[in-house]
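Colleague: Just passing along the structure, written as structure tokens.
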Amino acid sequence: MRKLVLGMLLLPVLAAQSSESEIRAVLDRQVEDWNRGDVRAFMQGYDDSSDTLFIGSSIVRGHEQVLERYLSRYSTKEQMGRLTFTIVEVLPLGADYALVIGKFHLDRSSAAGGNSDGVFTLTFQKKQGRWKIVADHTS
């Protein structure tokens, strides 16, 4: 009985740890894709939905529109530079949602736009067993 109770208490903790590692893997993959110069692969971390939301200097809604924004702003590998993420916190918001707070650094030449740093919050949703970004607020 004691083992059953202990197991029931640990189950949510283990699920949260598993979700966090899955979300971090999505972000690690995005960094790899970006640094290879592959914006389309990078966008696979986002939900392929007309509801996907990106908030930066403007508000963009829809996976295709977010993709077009990235493609127009980062049309060359030089403009993309080298990306690093520092994940500050992954906060579970229930079984199928999580909030990620982090920082980004983009290392690139002055001719390509110069270095860029900022912060972001990402809302992830688990859909069909996979974690996807449904909202991105980057500044």
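Note on naming: chains are A, B, ... as they come in the structure tokens, residues start from 1 per chain, ligands start from 1 in the order shown.
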Please extract the residues of chain A with a backbone DSSP assignment of strand (DSSP E) and present them as a PyMOL selection string.
Modeller: chain A and resi 53-55+59-61+82-92+97-107+116-127+130-138
Colleague: Name the residues in contact with His105 of chain A at a cut-off of 8 Å, using only C-alpha atoms, excluding same-chain residues fewer than 3 positions from it; report them as a PyMOL selection string.
Modeller: chain A and resi 83-85+115-118
Colleague: Residues of chain A classed as helix (DSSP H, G or I) by DSSP on the backbone are to be reported as a ChimeraX atom specification.
Modeller: /A:2-35,39-45,63-73,77-80,110-112
Colleague: Between atom CA of Ile59 of chain A and atom CA of Thr121 of chain A, what distance in Å does the model show, to one decimal?
Modeller: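 Taking atom CA of Ile59 of chain A as the start and atom CA of Thr121 of chain A as the end point, the length is 14.3 Å.
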Colleague: Taking 3 positions as the minimum chain separation for residues in the same chain, which residues sit within 6 Å of segment 41-56 of chain A when counting only C-alpha atoms? Answer as a list in words.
Modeller: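 Answer for this query is Gln30, Asp33, Trp34, Asp38, Ile59, Val60, Arg61, Gly62, His63, Lys132, Ile133, Val134, Ala135, Asp136, His137, Thr138 and Ser139 of chain A.
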Colleague: Taking only C-alpha atoms into account, name the residue in A:Arg108, A:Arg69, A:Lys126, A:Lys77 that is nearest to Leu93 of chain A.
Modeller: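 Of A:Arg108, A:Arg69, A:Lys126, A:Lys77, the one nearest Leu93 of chain A, counting only C-alpha atoms, is A:Lys126.
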Colleague: Within 12 Å of Ala111 of chain A, counting only C-alpha atoms, which residues qualify if same-chain residues fewer than 4 places away don't, as a list in words?
Modeller: Thr76, Glu78, Gln79, Met80, Gly81, Asp107 and Asn115 of chain A
Colleague: With a distance cut-off of 12 Å and only C-alpha atoms, select the neighbouring residues of Gly129 of chain A, excluding the residue or stretch itself and same-chain residues fewer than 6 positions from it, and output the selection as a ChimeraX atom specification.
Modeller: /A:19,22-23,95-97
Colleague: From the set A:Arg82, A:Lys127, A:Gly114, A:Val90, which residue has the shortest atom-to-atom contact distance to Arg24 of chain A, counting only C-alpha atoms?
Modeller: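 Using only C-alpha atoms, the shortest distance to Arg24 of chain A belongs to A:Val90.
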